[in-house]
Amino acid sequence: MSISTVLVANRGEIALRIVRACRELGLRSVAVYSDADAEAAHVRHADDAVHIGKSSASKSYLDAEAVLAAARSSGADAVHPGYGFLSERASFARAVADAGLVWVGPPADVIERMGDKAAARAVAAGAGVPVVPGSDELADSDAAVAAAAEIGYPVLVKAAAGGGGRGIRPAASDEELRRVVVEARREAASAFGSDAVYLERALPRPKHIEVQVVADGQGGVVHCFERDCSLQRRRQKVLEEAPAPGLDEGVRRAMCDAAVALAREVGYVGAGTVEFLLDTDSGEFFFIEMNTRIQVEHPVTELVTGLDLVALQLRVADGEPLPLAQDDIECRGVALEFRVNAEDPDDDFLPTPGEVTALELPGGPGVRVDTAIAAGDVIPPFYDSMVAKLAVWGPDRAAALARGRRALAEYRVEGIPTTIPLHRRLLDDPTVVAGTHDITFLEGFAM
Amino acid sequence: MSSHRITARTPGVFYRRPSPDAEPYVGDGAAVSEGDTIGLIEVMKTYREVKADTTGTVSQWFVENEDEVTIGQDLVELDT
């Protein structure tokens with residue numbers, strides 16, 4: 001490879017995941033860390049580490065200048081952003097490239113276009129990919145009411161610069177819409193730096209299906225099949241699965257082809273995820289957004305395809321053409337991923353930072369745990385509550401569910417409540433077992 | 001006159017303002033009533049309001065805006 005040292009601009013399990021991929025490819029890895037993470041696993045496992053600031057994310061992992069300075073001082077020639085933090089900040093990708101470093105991700109202008117919801121919808125339309133019926137950016141409440149008359153209620157008011165499920169509000173009538181648009185614009189201005197909002201039709205009970213793509217920027221674009229991420233709470237994914245249960249083979253092929261077409265249309269490079277809402281009654285699917293980075297739930301795709309997506313990211317960023325063609329990628333068996341969050345499912349999912357006094361991880365056949373937490377570690381309050389991902393694989397869905405139950409029974413965390421009990425309950429729920437859950441299912445799920 | 005200290009109920013980052021451009025919830029020397037919001041603590045990307053657990057007048061802050069705080073740490077002293 002022409003790159004030799006990768007600065008890992010992240011923390012926690014994904015930083016460790018990237019460090020591991022670097023090690024396997026013979027690349028040197030450099031971690032960055034905040035005050036709170038001085039003893040963290042991603043720091044211990046990397047070849048080198050640079051302190052970048054205080055504990056709060058805005059003063060460390062979100063500080064683009066500090067991260068860039070770390071890349072320069074450590075002799076890195078590439079930057080892998082992981083997910084979250086600076087991973088979808090176009091200005092950071094541009095600064096990395098301008099500093100003469102390799103950005104492990106798509107070009108800044110692609111991040112910019114796909115990060116702007118209205119621009120992303122235009123890209124999808126250009127690729128012939130269906131989008132949820134919706135409006136352009138709205139000037140005011142009157143424009144919103146006029147647009148809603150065309151689209152039909154219920155609608156969602158969305159911030160053009162929003163993401164990760166944030167900046168989305170429902171409205172079911174003209175009166176409600178007028179109020180919500182005012183609120184949404186105010187919130188968007190302070191949360192995202194832009195008050196631009198638009199409308200989309202709210203689909204009644206859709207599934208969230210997303211397609212993993214990888215592109216080399218040299219004409220090679222492949223998909224790695226889909227994931228069903230319909231189990232969400234407050235628009236945050238909780239449990240993911242590949243392939244999507246019960247998905248019609250023709251619909252699957254159409255969705256995967258649409259994702260590839262969209263990636264081609266925008267000139268995508270690297271690993272990305274094209275997210276769709278699927279109306280399971282009609283088989284209609286609609287593009288919602290593209291995540292221009294590695295995804296939290298990438299392990300389920302790795303388990304069913306046998307690919308190493310992070311290694312592929314690094315190789316493509318290094319200028320290699322994709323080492324495989326679409327026909328080389330097969331989807332075998334079923335994989336499930338359970339996000340283990342430091343949250344108390346019995347107390348409205350309140351965050352539970354603190355010391356993990358004892359820890360026993362599941363193991364055995366078909367079990368993978370991605371975590372940077374060890375017994376005795378203190379989970380700091382400054383970052384995301386997701387502290388581990390348990391992924392299981394089985395030759396078929398029943399076997400994957402049985403393995404998931406077995407692994408969750410083995411998983412023991414003491415000192416802090418986690419979402420493990422939620423997952424145990426979910427795997428005994430008839431709707432989840434049948435695989436018919438839609439994105440509204442978990443909101444109504446009682447612990 | 002006696003004094004009372006309001007402490008952090010959760011670890012995290014303390015904010016005196018509802019948003020970066022807003023006025024502080026409570027000015028120096030201001031009167032607060034029991035139940036008033038006096039600040040926010042950001043914990044794992046969520047924000048929890050810090051409420052005054054008594055009525056009084058702000059006499060001293062022990063933390064600055066955006067300081068990292070631990071459970072039980074003194075935030076502000078009220079003359080009651």
# chains A, B, ... in the order shown; residues from 1 in each chain; ligands from 1
>>> closest_atom_pairs(of="chain A", to="chain B", cutoff="12 Å", atoms="only C-alpha atoms", output="tab-separated table")
residue	atom	partner	partner_atom	distance
A:Asp35	CA	B:Glu68	CA	10.9
A:Ala36	CA	B:Glu68	CA	10.4
A:Lys54	CA	B:Glu68	CA	9.0
A:Ser55	CA	B:Glu68	CA	7.6
A:Ser56	CA	B:Val13	CA	7.0
A:Ala57	CA	B:Lys45	CA	9.8
A:Ser58	CA	B:Glu66	CA	9.9
A:Lys59	CA	B:Glu66	CA	10.0
A:Gly84	CA	B:Lys45	CA	11.9
A:Phe85	CA	B:Lys45	CA	11.9
A:Arg166	CA	B:Lys45	CA	12.0
A:Arg186	CA	B:Ser19	CA	11.9
A:Glu187	CA	B:Ser19	CA	10.5
A:Ala189	CA	B:Ser19	CA	11.3
A:Ser190	CA	B:Ser19	CA	7.7
A:Ala191	CA	B:Ser19	CA	9.2
A:Asn341	CA	B:Met44	CA	10.3
A:Ala342	CA	B:Met44	CA	8.9
A:Glu343	CA	B:Met44	CA	9.5
A:Phe349	CA	B:Thr46	CA	10.8
A:Leu350	CA	B:Thr46	CA	8.7
A:Pro351	CA	B:Met44	CA	6.4
A:Thr352	CA	B:Met44	CA	8.5
A:Pro353	CA	B:Pro11	CA	7.8
A:Gly354	CA	B:Pro11	CA	8.8
A:Val378	CA	B:Pro11	CA	11.9
A:Ile379	CA	B:Met44	CA	9.9
A:Pro380	CA	B:Gly12	CA	8.1
A:Pro381	CA	B:Val43	CA	5.0
A:Phe382	CA	B:Met44	CA	5.4
A:Tyr383	CA	B:Met44	CA	4.9
A:Asp384	CA	B:Met44	CA	5.0
A:Ser385	CA	B:Met44	CA	5.5
A:Met386	CA	B:Met44	CA	9.1
A:Val387	CA	B:Met44	CA	11.0
>>> residues_around(residues="region 153-163 of chain A", least_positions_apart="4", cutoff="7 Å", atoms="only C-alpha atoms", output="PDB file with N, CA, C and O atoms, in the first residue's frame")
ATOM      1  N   GLY A 115     -25.140  15.041   2.352  1.00  0.00           N
ATOM      2  CA  GLY A 115     -25.462  15.522   3.693  1.00  0.00           C
ATOM      3  C   GLY A 115     -26.569  16.562   3.690  1.00  0.00           C
ATOM      4  O   GLY A 115     -27.153  16.856   4.733  1.00  0.00           O
ATOM      5  N   ASP A 116     -26.859  17.120   2.543  1.00  0.00           N
ATOM      6  CA  ASP A 116     -27.959  18.072   2.418  1.00  0.00           C
ATOM      7  C   ASP A 116     -29.151  17.306   1.858  1.00  0.00           C
ATOM      8  O   ASP A 116     -29.102  16.812   0.729  1.00  0.00           O
ATOM      9  N   LYS A 117     -30.192  17.176   2.690  1.00  0.00           N
ATOM     10  CA  LYS A 117     -31.282  16.274   2.334  1.00  0.00           C
ATOM     11  C   LYS A 117     -31.897  16.610   0.980  1.00  0.00           C
ATOM     12  O   LYS A 117     -32.173  15.719   0.187  1.00  0.00           O
ATOM     13  N   ALA A 118     -32.083  17.893   0.708  1.00  0.00           N
ATOM     14  CA  ALA A 118     -32.715  18.286  -0.552  1.00  0.00           C
ATOM     15  C   ALA A 118     -31.805  17.937  -1.729  1.00  0.00           C
ATOM     16  O   ALA A 118     -32.253  17.399  -2.742  1.00  0.00           O
ATOM     17  N   ALA A 148     -48.152  20.614   1.630  1.00  0.00           N
ATOM     18  CA  ALA A 148     -48.819  19.475   2.277  1.00  0.00           C
ATOM     19  C   ALA A 148     -50.099  19.106   1.540  1.00  0.00           C
ATOM     20  O   ALA A 148     -50.488  17.931   1.501  1.00  0.00           O
ATOM     21  N   GLY A 167     -34.027  16.365  14.151  1.00  0.00           N
ATOM     22  CA  GLY A 167     -34.588  17.422  13.333  1.00  0.00           C
ATOM     23  C   GLY A 167     -35.775  16.973  12.516  1.00  0.00           C
ATOM     24  O   GLY A 167     -35.986  17.480  11.424  1.00  0.00           O
ATOM     25  N   ILE A 168     -36.549  16.004  13.022  1.00  0.00           N
ATOM     26  CA  ILE A 168     -37.715  15.491  12.309  1.00  0.00           C
ATOM     27  C   ILE A 168     -38.945  15.620  13.197  1.00  0.00           C
ATOM     28  O   ILE A 168     -38.921  15.189  14.345  1.00  0.00           O
ATOM     29  N   ARG A 169     -40.026  16.252  12.665  1.00  0.00           N
ATOM     30  CA  ARG A 169     -41.250  16.415  13.445  1.00  0.00           C
ATOM     31  C   ARG A 169     -42.468  16.074  12.592  1.00  0.00           C
ATOM     32  O   ARG A 169     -42.559  16.506  11.451  1.00  0.00           O
ATOM     33  N   PRO A 170     -43.431  15.337  13.160  1.00  0.00           N
ATOM     34  CA  PRO A 170     -44.641  14.997  12.411  1.00  0.00           C
ATOM     35  C   PRO A 170     -45.705  16.092  12.521  1.00  0.00           C
ATOM     36  O   PRO A 170     -45.729  16.861  13.480  1.00  0.00           O
ATOM     37  N   ALA A 171     -46.569  16.145  11.515  1.00  0.00           N
ATOM     38  CA  ALA A 171     -47.731  17.034  11.565  1.00  0.00           C
ATOM     39  C   ALA A 171     -48.865  16.374  10.782  1.00  0.00           C
ATOM     40  O   ALA A 171     -48.634  15.787   9.725  1.00  0.00           O
ATOM     41  N   ALA A 172     -50.094  16.490  11.322  1.00  0.00           N
ATOM     42  CA  ALA A 172     -51.223  15.778  10.724  1.00  0.00           C
ATOM     43  C   ALA A 172     -52.311  16.716  10.201  1.00  0.00           C
ATOM     44  O   ALA A 172     -53.313  16.260   9.654  1.00  0.00           O
ATOM     45  N   SER A 173     -52.132  18.035  10.386  1.00  0.00           N
ATOM     46  CA  SER A 173     -53.155  18.978   9.923  1.00  0.00           C
ATOM     47  C   SER A 173     -52.500  20.312   9.588  1.00  0.00           C
ATOM     48  O   SER A 173     -51.363  20.573  10.000  1.00  0.00           O
ATOM     49  N   VAL A 181     -43.734  23.947  11.790  1.00  0.00           N
ATOM     50  CA  VAL A 181     -42.741  24.539  10.893  1.00  0.00           C
ATOM     51  C   VAL A 181     -41.961  25.644  11.605  1.00  0.00           C
ATOM     52  O   VAL A 181     -40.731  25.736  11.489  1.00  0.00           O
ATOM     53  N   ALA A 188     -33.802  23.915  14.001  1.00  0.00           N
ATOM     54  CA  ALA A 188     -32.788  23.589  12.982  1.00  0.00           C
ATOM     55  C   ALA A 188     -31.693  24.644  12.951  1.00  0.00           C
ATOM     56  O   ALA A 188     -30.515  24.329  12.792  1.00  0.00           O
ATOM     57  N   PHE A 192     -28.371  22.863  13.722  1.00  0.00           N
ATOM     58  CA  PHE A 192     -27.638  22.497  12.506  1.00  0.00           C
ATOM     59  C   PHE A 192     -27.046  23.697  11.775  1.00  0.00           C
ATOM     60  O   PHE A 192     -26.423  23.555  10.732  1.00  0.00           O
ATOM     61  N   SER A 194     -28.581  25.902  10.113  1.00  0.00           N
ATOM     62  CA  SER A 194     -29.384  26.292   8.952  1.00  0.00           C
ATOM     63  C   SER A 194     -30.846  26.068   9.293  1.00  0.00           C
ATOM     64  O   SER A 194     -31.195  25.042   9.868  1.00  0.00           O
ATOM     65  N   ALA A 196     -33.233  25.764   7.135  1.00  0.00           N
ATOM     66  CA  ALA A 196     -33.951  25.207   5.985  1.00  0.00           C
ATOM     67  C   ALA A 196     -34.673  23.914   6.365  1.00  0.00           C
ATOM     68  O   ALA A 196     -34.075  23.017   6.948  1.00  0.00           O
ATOM     69  N   VAL A 197     -35.976  23.850   6.066  1.00  0.00           N
ATOM     70  CA  VAL A 197     -36.758  22.629   6.329  1.00  0.00           C
ATOM     71  C   VAL A 197     -37.555  22.275   5.076  1.00  0.00           C
ATOM     72  O   VAL A 197     -37.787  23.103   4.202  1.00  0.00           O
ATOM     73  N   TYR A 198     -37.962  20.996   4.994  1.00  0.00           N
ATOM     74  CA  TYR A 198     -38.800  20.544   3.887  1.00  0.00           C
ATOM     75  C   TYR A 198     -39.784  19.502   4.417  1.00  0.00           C
ATOM     76  O   TYR A 198     -39.664  19.057   5.565  1.00  0.00           O
ATOM     77  N   LEU A 199     -40.738  19.130   3.593  1.00  0.00           N
ATOM     78  CA  LEU A 199     -41.761  18.156   4.003  1.00  0.00           C
ATOM     79  C   LEU A 199     -41.563  16.828   3.289  1.00  0.00           C
ATOM     80  O   LEU A 199     -41.114  16.797   2.143  1.00  0.00           O
ATOM     81  N   GLU A 200     -41.943  15.763   3.985  1.00  0.00           N
ATOM     82  CA  GLU A 200     -42.048  14.458   3.345  1.00  0.00           C
ATOM     83  C   GLU A 200     -43.336  13.813   3.800  1.00  0.00           C
ATOM     84  O   GLU A 200     -43.776  14.036   4.936  1.00  0.00           O
ATOM     85  N   ARG A 201     -43.921  12.964   2.929  1.00  0.00           N
ATOM     86  CA  ARG A 201     -45.079  12.221   3.374  1.00  0.00           C
ATOM     87  C   ARG A 201     -44.635  11.201   4.427  1.00  0.00           C
ATOM     88  O   ARG A 201     -43.603  10.558   4.285  1.00  0.00           O
ATOM     89  N   ALA A 202     -45.398  11.088   5.515  1.00  0.00           N
ATOM     90  CA  ALA A 202     -45.101  10.087   6.533  1.00  0.00           C
ATOM     91  C   ALA A 202     -45.727   8.768   6.080  1.00  0.00           C
ATOM     92  O   ALA A 202     -46.921   8.704   5.817  1.00  0.00           O
TER      93      ALA A 202
END
>>> residues_around(residues="Val26 (chain B)", least_positions_apart="3", cutoff="10 Å", atoms="only C-alpha atoms", output="number ranges by chain")
B: 16-17, 23, 29-32, 36-39, 57-58
>>> closest_residue(among="A:Ala258, A:Arg253, A:Arg205, A:Ile14", to="Glu297 (chain A)", atoms="only C-alpha atoms")
A:Ile14
>>> select_by_dssp(residues="region 19-68 of chain B", states="strand (DSSP E)", output="PyMOL selection string")
chain B and resi 31-32+37-43+46-51+56-61+68
>>> residues_around(residues="Leu203 (chain A)", least_positions_apart="4", cutoff="12 Å", atoms="only C-alpha atoms", output="number ranges by chain")
A: 131-134, 151-156, 170, 207-208, 276-282, 284-286, 288, 438-440
>>> write_last_selection(atoms="C-alpha atoms", output="PDB file, in the first residue's frame")
ATOM      1  CA  VAL A 131     -37.870   9.273  -3.090  1.00  0.00           C
ATOM      2  CA  VAL A 132     -40.599   9.767  -0.495  1.00  0.00           C
ATOM      3  CA  PRO A 133     -43.097  12.271  -1.927  1.00  0.00           C
ATOM      4  CA  GLY A 134     -42.029  15.608  -0.518  1.00  0.00           C
ATOM      5  CA  ILE A 151     -48.277  15.531  -0.618  1.00  0.00           C
ATOM      6  CA  GLY A 152     -51.144  14.560   1.672  1.00  0.00           C
ATOM      7  CA  TYR A 153     -51.144  14.263   5.479  1.00  0.00           C
ATOM      8  CA  PRO A 154     -49.591  13.006   7.674  1.00  0.00           C
ATOM      9  CA  VAL A 155     -46.291  14.685   6.830  1.00  0.00           C
ATOM     10  CA  LEU A 156     -42.881  14.937   8.443  1.00  0.00           C
ATOM     11  CA  PRO A 170     -44.641  14.997  12.411  1.00  0.00           C
ATOM     12  CA  LYS A 207     -39.515  -1.009   7.400  1.00  0.00           C
ATOM     13  CA  HIS A 208     -36.101   0.649   7.440  1.00  0.00           C
ATOM     14  CA  PHE A 276     -34.715   3.305   2.270  1.00  0.00           C
ATOM     15  CA  LEU A 277     -38.170   3.072   3.743  1.00  0.00           C
ATOM     16  CA  LEU A 278     -40.048   0.034   2.483  1.00  0.00           C
ATOM     17  CA  ASP A 279     -43.828  -0.234   2.335  1.00  0.00           C
ATOM     18  CA  THR A 280     -44.116  -3.970   2.952  1.00  0.00           C
ATOM     19  CA  ASP A 281     -47.687  -4.123   1.638  1.00  0.00           C
ATOM     20  CA  SER A 282     -46.949  -2.690  -1.788  1.00  0.00           C
ATOM     21  CA  GLU A 284     -42.646   0.215  -2.848  1.00  0.00           C
ATOM     22  CA  PHE A 285     -39.419   1.615  -1.454  1.00  0.00           C
ATOM     23  CA  PHE A 286     -38.204   5.165  -1.118  1.00  0.00           C
ATOM     24  CA  ILE A 288     -34.363   8.556   2.612  1.00  0.00           C
ATOM     25  CA  ASP A 438     -41.710  -2.078  11.336  1.00  0.00           C
ATOM     26  CA  ILE A 439     -40.083   1.147  12.490  1.00  0.00           C
ATOM     27  CA  THR A 440     -42.953   1.931  14.883  1.00  0.00           C
TER      28      THR A 440
END
>>> atom_distance(atom1="CA of Arg264 (chain A)", atom2="CA of Val221 (chain A)")
7.0 Å
>>> residues_around(residues="Ala358 (chain A)", least_positions_apart="6", cutoff="7 Å", atoms="only C-alpha atoms", output="list in words")
Ala375, Gly376, Val413, Glu414 and Gly415 of chain A
>>> residues_around(residues="Met1 (chain B)", least_positions_apart="2", cutoff="7 Å", atoms="only C-alpha atoms", output="list of chain:residue names")
B:Ser3, B:Asp79, B:Thr80
>>> closest_residue(among="A:Cys224, A:Ala120, A:Thr436, A:Ala402", to="Met290 (chain A)", atoms="only C-alpha atoms")
A:Ala120
>>> decode(residues="region 68-81 of chain A", atoms="all heavy atoms", output="PDB file, in the first residue's frame")
ATOM      1  N   LEU A  68      -6.431  17.353  13.138  1.00  0.00           N
ATOM      2  CA  LEU A  68      -5.497  17.554  12.012  1.00  0.00           C
ATOM      3  C   LEU A  68      -4.065  17.743  12.502  1.00  0.00           C
ATOM      4  O   LEU A  68      -3.119  17.192  11.924  1.00  0.00           O
ATOM      5  CB  LEU A  68      -5.913  18.795  11.216  1.00  0.00           C
ATOM      6  CG  LEU A  68      -6.642  18.573   9.906  1.00  0.00           C
ATOM      7  CD1 LEU A  68      -6.869  19.913   9.212  1.00  0.00           C
ATOM      8  CD2 LEU A  68      -5.857  17.634   8.983  1.00  0.00           C
ATOM      9  N   ALA A  69      -3.926  18.489  13.569  1.00  0.00           N
ATOM     10  CA  ALA A  69      -2.587  18.707  14.134  1.00  0.00           C
ATOM     11  C   ALA A  69      -1.986  17.380  14.584  1.00  0.00           C
ATOM     12  O   ALA A  69      -0.796  17.124  14.391  1.00  0.00           O
ATOM     13  CB  ALA A  69      -2.656  19.691  15.307  1.00  0.00           C
ATOM     14  N   ALA A  70      -2.846  16.503  15.143  1.00  0.00           N
ATOM     15  CA  ALA A  70      -2.364  15.188  15.573  1.00  0.00           C
ATOM     16  C   ALA A  70      -1.907  14.368  14.372  1.00  0.00           C
ATOM     17  O   ALA A  70      -0.907  13.645  14.439  1.00  0.00           O
ATOM     18  CB  ALA A  70      -3.470  14.451  16.338  1.00  0.00           C
ATOM     19  N   ALA A  71      -2.652  14.489  13.272  1.00  0.00           N
ATOM     20  CA  ALA A  71      -2.278  13.748  12.063  1.00  0.00           C
ATOM     21  C   ALA A  71      -0.907  14.217  11.572  1.00  0.00           C
ATOM     22  O   ALA A  71      -0.041  13.406  11.230  1.00  0.00           O
ATOM     23  CB  ALA A  71      -3.331  13.943  10.973  1.00  0.00           C
ATOM     24  N   ARG A  72      -0.726  15.524  11.566  1.00  0.00           N
ATOM     25  CA  ARG A  72       0.559  16.068  11.090  1.00  0.00           C
ATOM     26  C   ARG A  72       1.700  15.664  12.015  1.00  0.00           C
ATOM     27  O   ARG A  72       2.728  15.178  11.570  1.00  0.00           O
ATOM     28  CB  ARG A  72       0.479  17.595  11.018  1.00  0.00           C
ATOM     29  CG  ARG A  72      -0.384  18.098   9.871  1.00  0.00           C
ATOM     30  CD  ARG A  72      -0.021  19.555   9.549  1.00  0.00           C
ATOM     31  NE  ARG A  72      -1.105  20.207   8.850  1.00  0.00           N
ATOM     32  CZ  ARG A  72      -2.103  20.842   9.457  1.00  0.00           C
ATOM     33  NH1 ARG A  72      -2.135  20.936  10.783  1.00  0.00           N
ATOM     34  NH2 ARG A  72      -3.071  21.394   8.753  1.00  0.00           N
ATOM     35  N   SER A  73       1.498  15.834  13.329  1.00  0.00           N
ATOM     36  CA  SER A  73       2.601  15.612  14.265  1.00  0.00           C
ATOM     37  C   SER A  73       2.982  14.143  14.361  1.00  0.00           C
ATOM     38  O   SER A  73       4.113  13.813  14.707  1.00  0.00           O
ATOM     39  CB  SER A  73       2.243  16.157  15.654  1.00  0.00           C
ATOM     40  OG  SER A  73       1.281  15.313  16.265  1.00  0.00           O
ATOM     41  N   SER A  74       2.032  13.257  14.050  1.00  0.00           N
ATOM     42  CA  SER A  74       2.325  11.827  14.190  1.00  0.00           C
ATOM     43  C   SER A  74       2.829  11.199  12.896  1.00  0.00           C
ATOM     44  O   SER A  74       3.095  10.007  12.853  1.00  0.00           O
ATOM     45  CB  SER A  74       1.061  11.092  14.641  1.00  0.00           C
ATOM     46  OG  SER A  74       0.045  11.218  13.661  1.00  0.00           O
ATOM     47  N   GLY A  75       2.927  12.005  11.848  1.00  0.00           N
ATOM     48  CA  GLY A  75       3.422  11.474  10.584  1.00  0.00           C
ATOM     49  C   GLY A  75       2.412  10.622   9.843  1.00  0.00           C
ATOM     50  O   GLY A  75       2.779   9.814   8.989  1.00  0.00           O
ATOM     51  N   ALA A  76       1.121  10.786  10.170  1.00  0.00           N
ATOM     52  CA  ALA A  76       0.098  10.009   9.466  1.00  0.00           C
ATOM     53  C   ALA A  76      -0.008  10.474   8.025  1.00  0.00           C
ATOM     54  O   ALA A  76       0.194  11.652   7.724  1.00  0.00           O
ATOM     55  CB  ALA A  76      -1.252  10.169  10.169  1.00  0.00           C
ATOM     56  N   ASP A  77      -0.311   9.542   7.124  1.00  0.00           N
ATOM     57  CA  ASP A  77      -0.570   9.946   5.740  1.00  0.00           C
ATOM     58  C   ASP A  77      -2.011   9.666   5.329  1.00  0.00           C
ATOM     59  O   ASP A  77      -2.386   9.848   4.185  1.00  0.00           O
ATOM     60  CB  ASP A  77       0.427   9.309   4.763  1.00  0.00           C
ATOM     61  CG  ASP A  77       0.671   7.846   5.045  1.00  0.00           C
ATOM     62  OD1 ASP A  77      -0.173   7.223   5.718  1.00  0.00           O
ATOM     63  OD2 ASP A  77       1.712   7.325   4.599  1.00  0.00           O
ATOM     64  N   ALA A  78      -2.833   9.199   6.292  1.00  0.00           N
ATOM     65  CA  ALA A  78      -4.253   8.983   6.009  1.00  0.00           C
ATOM     66  C   ALA A  78      -5.037   9.220   7.290  1.00  0.00           C
ATOM     67  O   ALA A  78      -4.507   9.081   8.398  1.00  0.00           O
ATOM     68  CB  ALA A  78      -4.495   7.567   5.502  1.00  0.00           C
ATOM     69  N   VAL A  79      -6.319   9.571   7.131  1.00  0.00           N
ATOM     70  CA  VAL A  79      -7.203   9.795   8.277  1.00  0.00           C
ATOM     71  C   VAL A  79      -8.471   8.978   8.075  1.00  0.00           C
ATOM     72  O   VAL A  79      -9.152   9.119   7.053  1.00  0.00           O
ATOM     73  CB  VAL A  79      -7.574  11.290   8.426  1.00  0.00           C
ATOM     74  CG1 VAL A  79      -8.597  11.488   9.549  1.00  0.00           C
ATOM     75  CG2 VAL A  79      -6.330  12.127   8.696  1.00  0.00           C
ATOM     76  N   HIS A  80      -8.758   8.097   9.035  1.00  0.00           N
ATOM     77  CA  HIS A  80     -10.017   7.341   9.020  1.00  0.00           C
ATOM     78  C   HIS A  80     -10.928   7.932  10.089  1.00  0.00           C
ATOM     79  O   HIS A  80     -10.584   7.914  11.264  1.00  0.00           O
ATOM     80  CB  HIS A  80      -9.762   5.859   9.304  1.00  0.00           C
ATOM     81  CG  HIS A  80     -10.946   4.994   8.971  1.00  0.00           C
ATOM     82  ND1 HIS A  80     -12.218   5.284   9.404  1.00  0.00           N
ATOM     83  CD2 HIS A  80     -11.050   3.864   8.220  1.00  0.00           C
ATOM     84  CE1 HIS A  80     -13.061   4.360   8.942  1.00  0.00           C
ATOM     85  NE2 HIS A  80     -12.380   3.494   8.223  1.00  0.00           N
ATOM     86  N   PRO A  81     -12.103   8.425   9.693  1.00  0.00           N
ATOM     87  CA  PRO A  81     -12.947   9.121  10.678  1.00  0.00           C
ATOM     88  C   PRO A  81     -13.922   8.241  11.446  1.00  0.00           C
ATOM     89  O   PRO A  81     -14.565   8.739  12.374  1.00  0.00           O
ATOM     90  CB  PRO A  81     -13.732  10.099   9.788  1.00  0.00           C
ATOM     91  CG  PRO A  81     -13.917   9.330   8.513  1.00  0.00           C
ATOM     92  CD  PRO A  81     -12.664   8.511   8.334  1.00  0.00           C
TER      93      PRO A  81
END
